[in-house]
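Dropping structure.txt in here (compact mmCIF, C-alpha atoms and all ligand atoms):
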# COMPACT_ATOMS: atom_id res chain seq x y z
CA MET M 1 0.00 0.00 0.00
CA LYS M 2 2.82 2.33 0.91
CA LEU M 3 4.43 1.78 -2.46
CA LYS M 4 1.16 2.51 -4.21
CA ALA M 5 0.78 5.78 -2.27
CA PHE M 6 4.34 6.73 -3.18
CA PHE M 7 3.72 6.21 -6.89
CA THR M 8 0.45 8.09 -6.67
CA VAL M 9 2.28 11.13 -5.29
CA ILE M 10 4.95 10.87 -8.00
CA PHE M 11 2.26 10.55 -10.66
CA ILE M 12 0.27 13.54 -9.42
CA THR M 13 3.43 15.67 -9.22
CA LEU M 14 4.50 14.71 -12.74
CA PHE M 15 0.97 15.27 -14.03
CA PHE M 16 0.94 18.77 -12.60
CA TYR M 17 4.29 19.75 -14.08
CA LEU M 18 3.65 18.18 -17.48
CA GLY M 19 0.17 19.68 -17.53
CA GLN M 20 1.63 23.12 -17.04
CA GLY M 21 3.70 22.75 -20.22
CA GLN M 22 6.83 24.87 -20.07
CA THR M 23 8.33 25.46 -16.68
CA LEU M 24 8.50 29.05 -15.50
CA TRP M 25 10.74 31.35 -17.48
CA ILE M 26 13.46 32.59 -15.27
CA ASN M 27 13.30 36.00 -16.88
CA TRP M 28 9.66 36.64 -16.02
CA PRO M 29 9.56 39.05 -13.10
CA GLU M 30 8.14 37.87 -9.82
CA VAL M 31 4.34 37.93 -9.81
CA THR M 32 2.99 40.10 -7.02
CA ASN M 33 -0.62 40.19 -8.19
CA PRO M 34 -2.12 36.66 -7.98
CA ALA M 35 -4.60 37.61 -10.72
CA ASP M 36 -1.64 37.58 -13.13
CA LEU M 37 -1.18 33.82 -12.67
CA VAL M 38 -3.82 32.00 -14.69
CA ASP M 39 -4.23 28.26 -15.15
CA THR M 40 -4.48 27.74 -18.92
CA ARG M 41 -4.95 24.00 -19.04
CA SER M 42 -7.91 23.00 -21.22
CA ARG M 43 -11.42 23.21 -19.83
CA PRO M 44 -14.65 21.85 -21.36
CA ILE M 45 -16.68 24.06 -23.66
CA ASP M 46 -20.37 24.08 -24.46
CA PHE M 47 -21.09 23.34 -28.12
CA GLN M 48 -24.18 25.03 -29.50
CA LEU M 49 -26.73 22.89 -31.30
CA LYS M 50 -26.64 23.82 -35.00
CA LYS M 51 -30.27 24.09 -35.97
CA ASP M 52 -32.98 26.00 -37.86
CA TYR M 53 -35.90 26.89 -35.60
CA ALA M 54 -39.17 27.28 -37.59
CA PHE M 55 -42.17 29.12 -36.11
CA SER M 56 -44.91 28.35 -38.64
CA SER M 57 -47.61 30.24 -36.71
CA ILE M 58 -45.85 33.52 -37.51
CA GLY M 59 -43.99 32.38 -40.65
CA VAL M 60 -40.50 33.01 -39.26
CA SER M 61 -37.39 30.82 -39.25
CA ILE M 62 -34.12 31.49 -37.46
CA GLY M 63 -30.93 29.46 -37.50
CA ASN M 64 -27.21 29.20 -36.76
CA LYS M 65 -25.95 26.77 -39.39
CA PHE M 66 -22.93 28.79 -40.53
CA ASP M 67 -19.40 29.53 -39.33
CA GLY M 68 -19.21 32.28 -36.75
CA ALA M 69 -22.81 31.77 -35.60
CA ARG M 70 -23.82 31.87 -31.96
CA LEU M 71 -27.40 31.20 -30.93
CA SER M 72 -28.12 28.76 -28.14
CA HIS M 73 -31.91 28.53 -28.11
CA VAL M 74 -34.98 30.32 -29.48
CA SER M 75 -38.56 30.56 -28.25
CA LEU M 76 -41.66 32.43 -29.40
CA LEU M 77 -42.95 35.05 -26.96
CA ASN M 78 -45.91 36.39 -28.98
CA ASP M 79 -46.84 36.76 -32.64
CA SER M 80 -44.23 39.43 -33.28
CA THR M 81 -41.50 38.74 -30.70
CA ILE M 82 -38.96 35.97 -30.37
CA SER M 83 -36.59 35.36 -27.52
CA VAL M 84 -33.05 34.27 -28.36
CA LEU M 85 -30.74 32.75 -25.76
CA ILE M 86 -27.02 33.50 -26.14
CA ARG M 87 -24.76 31.33 -24.02
CA PRO M 88 -20.95 31.57 -23.90
CA GLU M 89 -18.62 28.66 -24.65
CA ASN M 90 -17.91 28.36 -20.92
CA HIS M 91 -17.55 30.65 -17.93
CA PRO M 92 -16.25 32.63 -16.07
CA ILE M 93 -15.72 34.67 -19.18
CA ASN M 94 -14.89 38.18 -20.35
CA MET M 95 -17.88 40.41 -21.06
CA SER M 96 -17.81 40.21 -24.86
CA PRO M 97 -21.08 38.45 -25.67
CA TRP M 98 -20.92 37.49 -29.32
CA TYR M 99 -24.06 36.51 -31.20
CA ALA M 100 -24.78 35.80 -34.87
CA PHE M 101 -27.75 34.15 -36.57
CA LYS M 102 -29.90 34.19 -39.73
CA ILE M 103 -33.61 34.98 -40.01
CA TRP M 104 -36.03 34.58 -42.87
CA GLY M 105 -39.80 34.62 -43.21
CA THR M 106 -42.73 33.76 -45.45
CA GLY M 107 -43.02 37.42 -46.45
CA GLU M 108 -42.06 40.92 -45.39
CA LYS M 109 -42.67 41.58 -41.71
CA VAL M 110 -41.40 43.42 -38.67
CA LEU M 111 -40.01 41.17 -35.97
CA TYR M 112 -38.96 42.05 -32.41
CA ILE M 113 -36.00 40.18 -30.96
CA GLN M 114 -35.00 39.84 -27.33
CA LEU M 115 -31.44 38.65 -26.78
CA HIS M 116 -30.99 37.00 -23.41
CA TYR M 117 -27.36 36.64 -22.41
CA GLU M 118 -26.28 33.94 -20.01
CA HIS M 119 -23.29 35.21 -17.98
CA GLY M 120 -23.25 38.43 -20.00
CA ARG M 121 -24.63 41.88 -20.64
CA HIS M 122 -25.36 43.60 -23.92
CA ARG M 123 -22.32 45.18 -25.59
CA TYR M 124 -22.45 45.07 -29.39
CA PRO M 125 -25.26 46.89 -31.26
CA PRO M 126 -26.54 44.53 -34.01
CA LYS M 127 -25.06 44.64 -37.51
CA LEU M 128 -27.33 43.51 -40.36
CA SER M 129 -26.55 41.97 -43.73
CA HIS M 130 -28.36 40.40 -46.66
CA ASP M 131 -25.38 38.49 -48.04
CA GLY M 132 -23.15 37.85 -44.99
CA LYS M 133 -20.50 40.15 -46.48
CA LYS M 134 -21.76 43.73 -46.52
CA TRP M 135 -22.89 44.90 -43.10
CA THR M 136 -24.72 47.93 -41.78
CA LEU M 137 -25.24 49.05 -38.21
CA ILE M 138 -28.85 48.72 -37.09
CA GLU M 139 -30.86 51.98 -37.39
CA SER M 140 -30.76 53.70 -34.00
CA GLY M 141 -34.58 53.79 -33.86
CA ASP M 142 -34.70 50.00 -34.17
CA LEU M 143 -32.43 49.35 -31.18
CA LEU M 144 -34.65 49.55 -28.14
CA SER M 145 -32.15 48.78 -25.36
CA GLN M 146 -29.02 50.28 -23.90
CA PRO M 147 -25.48 48.91 -23.62
CA LYS M 148 -24.99 46.80 -20.48
CA ASP M 149 -28.68 45.84 -20.32
CA SER M 150 -28.98 42.16 -19.45
CA VAL M 151 -31.49 41.76 -22.29
CA ALA M 152 -31.03 43.42 -25.68
CA PHE M 153 -34.20 44.34 -27.50
CA PHE M 154 -34.42 45.37 -31.16
CA ARG M 155 -36.60 45.40 -34.24
CA VAL M 156 -35.69 43.91 -37.64
CA HIS M 157 -37.47 44.08 -40.96
CA ILE M 158 -37.31 40.63 -42.51
CA GLY M 159 -38.41 39.04 -45.77
CA GLU M 160 -38.12 35.81 -47.74
CA ASP M 161 -34.42 36.44 -48.33
CA THR M 162 -32.08 35.79 -45.43
CA THR M 163 -31.30 38.60 -43.02
CA TRP M 164 -28.08 38.09 -41.06
CA VAL M 165 -27.83 39.57 -37.57
CA SER M 166 -24.44 39.69 -35.89
CA ALA M 167 -22.68 41.38 -32.96
CA GLN M 168 -20.02 42.70 -35.35
CA GLU M 169 -19.26 42.09 -39.03
CA LEU M 170 -18.79 38.38 -39.63
CA MET M 171 -15.14 37.67 -40.53
CA THR M 172 -14.44 33.96 -40.19
CA SER M 173 -11.41 31.79 -40.94
CA ALA M 174 -12.61 31.35 -44.56
CA SER M 175 -12.28 35.10 -45.15
CA MET M 176 -8.83 35.08 -43.51
CA GLN M 177 -7.75 32.25 -45.85
CA LYS M 178 -8.98 34.19 -48.86
CA TRP M 179 -7.25 37.38 -47.74
CA THR M 180 -3.91 35.67 -47.07
CA ASP M 181 -4.10 33.71 -50.36
CA GLU M 182 -4.52 36.99 -52.20
CA LEU M 183 -1.54 38.60 -50.43
CA ALA M 184 0.64 35.53 -50.97
CA LYS M 185 0.44 36.06 -54.75
CA LYS M 186 3.14 38.70 -54.30
CA PRO M 187 6.63 37.26 -54.81
CA TYR M 188 7.94 38.55 -51.48
CA ILE M 189 5.07 37.10 -49.40
CA GLU M 190 5.04 33.52 -48.23
CA LYS M 191 1.97 31.95 -46.63
CA LEU M 192 2.62 29.04 -44.32
CA VAL M 193 0.84 26.76 -41.88
CA ILE M 194 2.70 26.89 -38.58
CA GLY M 195 0.60 24.40 -36.66
CA HIS M 196 -2.94 23.31 -35.99
CA THR M 197 -5.56 24.37 -33.50
CA VAL M 198 -7.37 22.19 -30.97
CA GLN M 199 -9.95 21.39 -33.67
CA GLU M 200 -7.24 20.89 -36.32
CA ARG M 201 -7.78 24.14 -38.17
CA PRO M 202 -4.58 25.38 -39.82
CA LEU M 203 -2.75 28.17 -38.03
CA VAL M 204 -1.74 30.55 -40.81
CA ALA M 205 1.23 32.92 -40.90
CA LEU M 206 2.52 35.32 -43.55
CA ARG M 207 6.20 36.11 -43.96
CA ILE M 208 6.73 39.34 -45.82
CA SER M 209 10.27 40.32 -46.66
CA GLU M 210 12.81 41.45 -49.21
CA SER M 211 15.53 41.77 -46.56
CA ASP M 212 18.32 39.69 -45.05
CA ARG M 213 15.69 38.67 -42.46
CA LYS M 214 17.69 39.82 -39.44
CA ASN M 215 15.16 42.36 -38.13
CA LEU M 216 11.64 41.20 -37.39
CA LEU M 217 8.36 43.01 -36.93
CA VAL M 218 5.70 40.65 -35.56
CA VAL M 219 1.98 41.30 -36.06
CA LEU M 220 -0.69 39.29 -34.26
CA SER M 221 -4.46 39.46 -34.26
CA ARG M 222 -7.70 37.78 -33.28
CA GLN M 223 -6.77 35.95 -30.12
CA HIS M 224 -10.27 37.01 -29.09
CA PRO M 225 -12.96 36.08 -31.63
CA PRO M 226 -15.34 39.09 -31.38
CA GLU M 227 -12.58 41.68 -31.79
CA ILE M 228 -13.39 42.63 -35.37
CA THR M 229 -12.37 46.29 -35.23
CA GLY M 230 -8.81 45.42 -34.21
CA TYR M 231 -8.78 42.79 -36.95
CA LYS M 232 -9.92 45.34 -39.55
CA GLU M 233 -7.26 47.83 -38.50
CA MET M 234 -4.65 45.04 -38.67
CA ILE M 235 -5.75 44.28 -42.26
CA ALA M 236 -5.26 47.92 -43.35
CA PHE M 237 -1.92 48.01 -41.49
CA VAL M 238 -0.58 44.81 -43.08
CA GLU M 239 -1.85 45.67 -46.57
CA THR M 240 0.10 48.93 -46.35
CA LEU M 241 3.31 47.20 -45.21
CA ALA M 242 2.85 44.66 -48.00
CA GLY M 243 1.90 47.29 -50.59
CA ASP M 244 3.62 48.90 -53.56
CA SER M 245 4.54 52.26 -52.02
CA ARG M 246 8.16 53.38 -52.03
CA LYS M 247 8.16 53.56 -48.22
CA ALA M 248 6.85 50.02 -47.83
CA LYS M 249 9.46 48.70 -50.27
CA ARG M 250 12.23 50.45 -48.34
CA PHE M 251 10.89 48.95 -45.12
CA ARG M 252 10.82 45.43 -46.53
CA LYS M 253 14.46 45.77 -47.57
CA LYS M 254 15.34 46.15 -43.90
CA PHE M 255 12.64 44.19 -42.03
CA GLU M 256 10.88 40.88 -42.26
CA ILE M 257 7.24 41.13 -41.16
CA ILE M 258 5.72 38.01 -39.64
CA VAL M 259 1.92 38.14 -39.45
CA VAL M 260 -0.37 35.69 -37.70
CA PRO M 261 -3.71 37.27 -38.56
CA MET M 262 -6.06 34.87 -36.76
CA ILE M 263 -4.59 33.03 -33.79
CA ASN M 264 -7.94 31.66 -32.69
CA PRO M 265 -9.79 30.37 -35.78
CA ASP M 266 -11.62 27.71 -33.71
CA GLY M 267 -13.06 30.41 -31.47
CA VAL M 268 -13.95 32.58 -34.47
CA ASP M 269 -15.72 29.83 -36.45
CA ASN M 270 -17.56 28.54 -33.37
CA GLY M 271 -18.81 32.00 -32.51
CA HIS M 272 -17.03 32.07 -29.15
CA TRP M 273 -17.09 35.11 -26.88
CA ARG M 274 -13.44 34.81 -25.87
CA HIS M 275 -11.81 31.39 -25.70
CA ASN M 276 -10.28 28.80 -28.01
CA ALA M 277 -11.70 25.27 -28.37
CA GLY M 278 -9.64 24.32 -25.31
CA GLY M 279 -11.90 26.69 -23.35
CA VAL M 280 -8.99 29.02 -22.56
CA ASP M 281 -8.28 32.72 -23.10
CA LEU M 282 -5.27 32.44 -25.42
CA ASN M 283 -4.01 35.82 -24.33
CA ARG M 284 -3.35 34.37 -20.87
CA ASP M 285 -1.35 31.41 -22.20
CA TRP M 286 1.90 33.19 -23.10
CA ARG M 287 3.77 31.93 -20.10
CA PHE M 288 2.88 28.24 -19.87
CA PHE M 289 1.92 27.59 -23.52
CA ASN M 290 -0.62 24.87 -22.79
CA GLN M 291 -2.62 25.51 -25.97
CA PRO M 292 -1.51 24.52 -29.50
CA GLU M 293 -2.24 27.99 -30.92
CA THR M 294 0.15 29.82 -28.62
CA SER M 295 2.76 27.07 -28.53
CA GLY M 296 2.72 26.83 -32.36
CA LEU M 297 3.35 30.53 -32.64
CA ARG M 298 6.11 30.49 -30.06
CA LYS M 299 7.81 27.60 -31.85
CA LEU M 300 7.69 29.44 -35.18
CA LEU M 301 9.20 32.59 -33.73
CA LEU M 302 11.96 30.84 -31.78
CA THR M 303 12.86 28.80 -34.88
CA VAL M 304 12.98 31.89 -37.10
CA ILE M 305 15.08 33.77 -34.56
CA ASN M 306 17.58 30.91 -34.20
CA GLU M 307 17.82 29.95 -37.86
CA GLN M 308 18.14 33.51 -39.14
CA ASN M 309 20.05 34.85 -36.17
CA ALA M 310 17.32 37.47 -36.10
CA LYS M 311 15.89 39.80 -33.49
CA VAL M 312 12.29 40.88 -32.96
CA ARG M 313 12.51 44.68 -32.98
CA PHE M 314 8.85 45.34 -32.25
CA SER M 315 5.60 43.43 -32.00
CA VAL M 316 1.99 44.54 -32.23
CA ASP M 317 -1.00 42.50 -31.04
CA PHE M 318 -4.31 43.86 -32.40
CA HIS M 319 -7.41 43.69 -30.18
CA SER M 320 -10.67 45.55 -29.58
CA THR M 321 -12.13 47.08 -26.48
CA GLN M 322 -14.50 49.93 -25.55
CA LYS M 323 -12.15 52.63 -26.85
CA ASP M 324 -9.04 53.28 -28.95
CA LEU M 325 -6.14 52.48 -26.66
CA PHE M 326 -2.49 51.37 -26.57
CA TYR M 327 -1.36 49.17 -23.69
CA LEU M 328 2.34 49.82 -23.49
CA PHE M 329 5.30 49.64 -21.17
CA ASP M 330 6.61 52.57 -19.27
CA LYS M 331 9.45 53.75 -21.52
CA ASN M 332 11.67 54.29 -18.50
CA ASN M 333 11.54 50.58 -17.66
CA LEU M 334 12.67 49.49 -21.10
CA PRO M 335 16.30 48.67 -21.81
CA GLY M 336 17.87 51.57 -23.69
CA LYS M 337 14.58 53.44 -23.14
CA SER M 338 13.73 52.60 -26.75
CA GLY M 339 10.12 53.78 -26.44
CA ILE M 340 8.97 52.98 -29.98
CA ALA M 341 5.36 52.62 -28.86
CA MET M 342 4.92 56.08 -27.35
CA ASP M 343 6.52 57.78 -30.39
CA TRP M 344 4.20 55.76 -32.60
CA LEU M 345 1.10 56.66 -30.61
CA ASN M 346 1.97 60.36 -30.74
CA ALA M 347 2.61 60.21 -34.49
CA ILE M 348 -0.74 58.51 -35.19
CA ASN M 349 -2.63 60.86 -32.87
CA LYS M 350 -1.18 63.87 -34.67
CA LYS M 351 -2.81 62.62 -37.89
CA PHE M 352 -6.08 61.57 -36.23
CA PRO M 353 -6.74 64.20 -33.56
CA ASP M 354 -10.47 63.40 -33.59
CA HIS M 355 -9.85 59.67 -33.01
CA PRO M 356 -6.84 59.57 -30.68
CA PHE M 357 -5.49 56.54 -28.87
CA THR M 358 -5.04 56.90 -25.15
CA ALA M 359 -1.95 55.34 -23.57
CA GLU M 360 -2.17 52.96 -20.65
CA LEU M 361 1.06 51.88 -19.00
CA THR M 362 1.20 48.26 -17.86
CA GLY M 363 3.38 45.94 -15.83
CA PHE M 364 5.22 42.89 -17.13
CA THR M 365 3.69 39.95 -15.32
CA ALA M 366 0.25 39.24 -16.88
CA GLN M 367 0.57 36.14 -19.08
CA ILE M 368 -0.19 38.03 -22.30
CA SER M 369 1.62 38.11 -25.63
CA LYS M 370 2.98 41.62 -25.08
CA ASN M 371 4.77 40.50 -21.93
CA TRP M 372 6.13 37.31 -23.47
CA PHE M 373 7.74 39.33 -26.25
CA PHE M 374 9.40 41.53 -23.69
CA ASN M 375 10.27 38.97 -21.00
CA GLU M 376 11.57 36.23 -23.24
CA LEU M 377 12.63 38.00 -26.44
CA ARG M 378 13.52 41.37 -24.92
CA SER M 379 11.49 43.03 -27.64
CA GLU M 380 9.36 46.10 -27.13
CA SER M 381 5.73 45.23 -27.76
CA ILE M 382 2.26 46.68 -27.48
CA THR M 383 -1.38 45.70 -27.36
CA TYR M 384 -3.18 47.78 -29.98
CA GLU M 385 -6.83 48.13 -28.97
CA VAL M 386 -9.43 49.53 -31.36
CA GLY M 387 -12.81 50.71 -30.06
CA ASP M 388 -15.79 48.41 -30.71
CA ASN M 389 -17.71 51.26 -32.30
CA THR M 390 -14.90 53.20 -33.96
CA ASP M 391 -15.97 54.39 -37.44
CA ARG M 392 -15.00 51.73 -39.97
CA ASN M 393 -13.68 54.34 -42.45
CA VAL M 394 -11.44 55.76 -39.73
CA ILE M 395 -10.21 52.23 -38.98
CA SER M 396 -9.03 51.55 -42.53
CA LYS M 397 -7.43 55.00 -42.97
CA ARG M 398 -5.79 54.94 -39.56
CA GLY M 399 -4.43 51.40 -40.10
CA GLU M 400 -2.70 52.69 -43.22
CA THR M 401 -1.33 55.78 -41.44
CA ALA M 402 -0.19 53.62 -38.50
CA ALA M 403 1.84 51.52 -40.94
CA TYR M 404 3.58 54.52 -42.50
CA GLU M 405 4.34 56.07 -39.10
CA LEU M 406 5.82 52.82 -37.79
CA ILE M 407 7.89 52.44 -40.97
CA ALA M 408 9.40 55.88 -40.35
CA ILE M 409 10.16 55.16 -36.68
CA LEU M 410 11.63 51.71 -37.22
CA LEU M 411 13.75 52.73 -40.21
CA LYS M 412 15.22 55.56 -38.19
CA LYS M 413 15.93 53.21 -35.24
CA SER M 414 17.38 50.58 -37.53
CA LYS M 415 20.36 52.79 -38.36
CA LYS M 416 21.65 51.85 -34.92
CA TYR M 417 21.10 48.09 -35.27
ZN ZN M 501 -8.60 41.15 -26.82
Is it possible to express this structure as structure tokens?
Amino acid sequence: MKLKAFFTVIFITLFFYLGQGQTLWINWPEVTNPADLVDTRSRPIDFQLKKDYAFSSIGVSIGNKFDGARLSHVSLLNDSTISVLIRPENHPINMSPWYAFKIWGTGEKVLYIQLHYEHGRHRYPPKLSHDGKKWTLIESGDLLSQPKDSVAFFRVHIGEDTTWVSAQELMTSASMQKWTDELAKKPYIEKLVIGHTVQERPLVALRISESDRKNLLVVLSRQHPPEITGYKEMIAFVETLAGDSRKAKRFRKKFEIIVVPMINPDGVDNGHWRHNAGGVDLNRDWRFFNQPETSGLRKLLLTVINEQNAKVRFSVDFHSTQKDLFYLFDKNNLPGKSGIAMDWLNAINKKFPDHPFTAELTGFTAQISKNWFFNELRSESITYEVGDNTDRNVISKRGETAAYELIAILLKKSKKY
């Protein structure tokens, strides 16, 4: 019996260490805030039933049989109102309640929809589409509830053709594949699969360069599925760096740009609020690397750095939140006080005074990508947050400007490399 107990202890100890993936990095600073230590081992998720719900008494059908959908249950309240239940993939979870579904009817009619969130409050005003590609914000008179209400209430005009309703514009892994395929037609852009997700979706990266590949700029996006505005700004940013301008060409002669545009395609295609298919917030897994998405990306970057004897000079992780915001390090804590991020923010704000980013200084210990880049690679890095409701035209113009401003800053810095 004693022997059995001994082996049980050994087994449990080994299980714990192996389960945690990588052991602690010695260069991560000591964690003083316990909230910064997060267990990122896989947890179960709730799969939504993919189904069309038909209400023949009022001639309305509603369904979620498409990538990016989220609709957990539907019931009829009266002859003009349906109640839709939106449940997250698991919880506790960040307050970013994603929803997306299709509605069609036997003829033109006005339908009232109540969105009931489980473990959430209303955040995203509905976007409507008739083809799943072109989206418009719901008319303000049709949205009958306020942000943070526990139930969202709105009116839609439906017909025989499908009306799509979504928290933000639907941009799934299929659209990312199409976008990266298009970019990879250029001779200096290589598209590669750097690993696979929990559900075996390919993890796609772009390598953009006409240089000796010694200086790297790393661009990440979509760790969090609903964060469409950050994703859109990333697209404008990358298209500019990959474009035909003289400035972009000069930049590519000095820098290789590594882009992982959608780190969480499982979460995106399953209509998750936050997590990957392992039920984990990927942007808390940059210390223990328990999930294949983060560990695949880490492996790619470490391989590139070793094989090319390269250095990451800067990295940008695109996200969305309530407002336009840079999370950055206090310049005075950085080695050499390089402070690329603050110069960049000021340069962008000068061009967009009506849509400025605010700066929020952060510590180094939360298990997020920004901190991994700094703690392990000693690279300055930022989290680039775009407001949920920022004007989409501003987003595409500002993404372009952000690219040109960063080109100028990095080329100037690179004279000292
Ligand atoms: Zn985020």
Length of the atom CA of M:Asp131 to atom CA of M:Thr163 vector [Å]: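 According to the coordinates, atom CA of M:Asp131 and atom CA of M:Thr163 are separated by 7.8 Å.
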For M:Tyr124: contacts at 8 Å, all atoms listed in the file, fewer than 5 positions along chain excluded, given as a PyMOL selection string: chain M and resi 97-98+147+167-168+388
10 Å shell around ligand ZN 501 (chain M) using all atoms listed in the file, listed as a list in words: Asn94, Ser96, Ser221, Arg222, Gln223, His224, Pro225, Pro226, Glu227, Ile228, Gly230, Arg274, Asp281, Leu282, Asn283, Asp317, Phe318, His319, Ser320, Thr321, Thr383, Tyr384, Glu385 and Val386 of chain M
Those same residues - C-alpha atoms - I'd like them written as a short mmCIF file (atom, residue, chain, number, x, y, z; two decimals), in the frame of the given file.
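Output file again25.cif is given in full below:
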data_model
loop_
_atom_site.label_atom_id
_atom_site.label_comp_id
_atom_site.auth_asym_id
_atom_site.auth_seq_id
_atom_site.Cartn_x
_atom_site.Cartn_y
_atom_site.Cartn_z
CA ASN M 94 -14.89 38.18 -20.35
CA SER M 96 -17.81 40.21 -24.86
CA SER M 221 -4.46 39.46 -34.26
CA ARG M 222 -7.70 37.78 -33.28
CA GLN M 223 -6.77 35.95 -30.12
CA HIS M 224 -10.27 37.01 -29.09
CA PRO M 225 -12.96 36.08 -31.63
CA PRO M 226 -15.34 39.09 -31.38
CA GLU M 227 -12.58 41.68 -31.79
CA ILE M 228 -13.39 42.63 -35.37
CA GLY M 230 -8.81 45.42 -34.21
CA ARG M 274 -13.44 34.81 -25.87
CA ASP M 281 -8.28 32.72 -23.10
CA LEU M 282 -5.27 32.44 -25.42
CA ASN M 283 -4.01 35.82 -24.33
CA ASP M 317 -1.00 42.50 -31.04
CA PHE M 318 -4.31 43.86 -32.40
CA HIS M 319 -7.41 43.69 -30.18
CA SER M 320 -10.67 45.55 -29.58
CA THR M 321 -12.13 47.08 -26.48
CA THR M 383 -1.38 45.70 -27.36
CA TYR M 384 -3.18 47.78 -29.98
CA GLU M 385 -6.83 48.13 -28.97
CA VAL M 386 -9.43 49.53 -31.36
#
One-decimal distance in Å that lies between atom CA of M:Gln199 and atom CA of M:Ser42: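 So the two atoms, atom CA of M:Ser42 and atom CA of M:Gln199, lie 12.7 Å apart.
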Separation of atom CA of M:Tyr188 from atom CA of M:Ala248, in Å and rounded to one decimal: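 It comes out at 12.1 Å.
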Shortest interatomic distance to M:Leu37 - which of M:His73, M:Glu307, M:Val110, M:Gln367, counting all atoms listed in the file: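 The answer is M:Gln367, which sits nearest to M:Leu37.
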Within 12 Å of M:Ser72 using all atoms listed in the file, minus same-chain residues under 3 positions, as a count of residues only: 32
Contacts of M:Asn371 within 9 Å, all atoms listed in the file, excl. fewer than 5 positions in-chain, as a list in words: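 The neighbour list is Trp28, Trp286, Arg287, Gly363, Phe364, Thr365, Ala366, Glu376, Glu380, Ser381 and Ile382 of chain M.
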Exercise: M:His122 partners within 6 Å, all atoms listed in the file, chain neighbours under 2 positions left out, as a list in words: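 Once the adjacent positions are removed, what remains is Pro147, Lys148, Asp149, Ser150 and Ala152 of chain M.
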Nearest to M:Ser211, chosen from M:Glu233, M:Glu256, M:Asp244, M:Glu160, with all atoms listed in the file counted in the distances: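 Among M:Glu233, M:Glu256, M:Asp244, M:Glu160, it is M:Glu256 that comes nearest to M:Ser211.
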Selection: 9 Å around M:Leu206, all atoms listed in the file, excl. self and same-chain fewer than 4 positions, as number ranges by chain: M: 180, 183-184, 189-193, 257-261
Let me have the centre and edge lengths in Å, one decimal, of the box along x, y and z around every listed atom of stretch 359-378 of chain M with 8 Å of margin on each side, as lines of an AutoDock Vina configuration file.
center_x = 5.7
center_y = 45.7
center_z = -20.9
size_x = 31.7
size_y = 35.2
size_z = 27.1
Of the listed residues M:Lys331, M:Lys415, M:His157, M:Arg123, that which approaches M:Gly387 most closely, counting all atoms listed in the file: M:Arg123
Selected residue of minimal separation from M:Lys214 among M:Ser295, M:Ser396, M:Asn290, M:Asn309, counting all atoms listed in the file: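 So, comparing all the options, the nearest one is M:Asn309.
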Nearest residue to M:Glu405 from the set M:Ile194, M:Ile348, M:Ile340, M:Ala242 (distances using all atoms listed in the file):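 Once distances to M:Glu405 are computed over all atoms listed in the file, the minimum belongs to M:Ile348.
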For M:Val268, the nearest of the candidates M:Pro34, M:Pro92, M:Gly159, M:Gly68, counting all atoms listed in the file: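 For M:Val268, the nearest of the given residues is M:Gly68.
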Any chance you could model N, CA and C atoms for stretch 134-144 of chain M and send them as an mmCIF file, keeping the file's coordinate frame?
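And here is the file that came out, result_0.cif:
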data_model
loop_
_atom_site.group_PDB
_atom_site.id
_atom_site.type_symbol
_atom_site.label_atom_id
_atom_site.label_comp_id
_atom_site.auth_asym_id
_atom_site.auth_seq_id
_atom_site.Cartn_x
_atom_site.Cartn_y
_atom_site.Cartn_z
ATOM 1 N N LYS M 134 -21.612 42.289 -46.748
ATOM 2 C CA LYS M 134 -21.760 43.730 -46.520
ATOM 3 C C LYS M 134 -22.660 43.954 -45.313
ATOM 4 N N TRP M 135 -22.173 44.739 -44.370
ATOM 5 C CA TRP M 135 -22.890 44.900 -43.100
ATOM 6 C C TRP M 135 -23.227 46.348 -42.845
ATOM 7 N N THR M 136 -24.395 46.569 -42.221
ATOM 8 C CA THR M 136 -24.720 47.930 -41.780
ATOM 9 C C THR M 136 -25.161 47.869 -40.319
ATOM 10 N N LEU M 137 -24.816 48.929 -39.604
ATOM 11 C CA LEU M 137 -25.240 49.050 -38.210
ATOM 12 C C LEU M 137 -26.755 49.227 -38.176
ATOM 13 N N ILE M 138 -27.403 48.596 -37.241
ATOM 14 C CA ILE M 138 -28.850 48.720 -37.090
ATOM 15 C C ILE M 138 -29.242 50.207 -36.952
ATOM 16 N N GLU M 139 -30.373 50.595 -37.528
ATOM 17 C CA GLU M 139 -30.860 51.980 -37.390
ATOM 18 C C GLU M 139 -31.076 52.258 -35.897
ATOM 19 N N SER M 140 -30.694 53.450 -35.461
ATOM 20 C CA SER M 140 -30.760 53.700 -34.000
ATOM 21 C C SER M 140 -32.199 53.563 -33.480
ATOM 22 N N GLY M 141 -33.187 53.918 -34.301
ATOM 23 C CA GLY M 141 -34.580 53.790 -33.860
ATOM 24 C C GLY M 141 -35.049 52.355 -33.696
ATOM 25 N N ASP M 142 -34.309 51.408 -34.285
ATOM 26 C CA ASP M 142 -34.700 50.000 -34.170
ATOM 27 C C ASP M 142 -34.064 49.289 -32.979
ATOM 28 N N LEU M 143 -33.086 49.953 -32.361
ATOM 29 C CA LEU M 143 -32.430 49.350 -31.180
ATOM 30 C C LEU M 143 -33.104 49.927 -29.944
ATOM 31 N N LEU M 144 -33.769 49.061 -29.196
ATOM 32 C CA LEU M 144 -34.650 49.550 -28.140
ATOM 33 C C LEU M 144 -34.054 49.333 -26.741
#
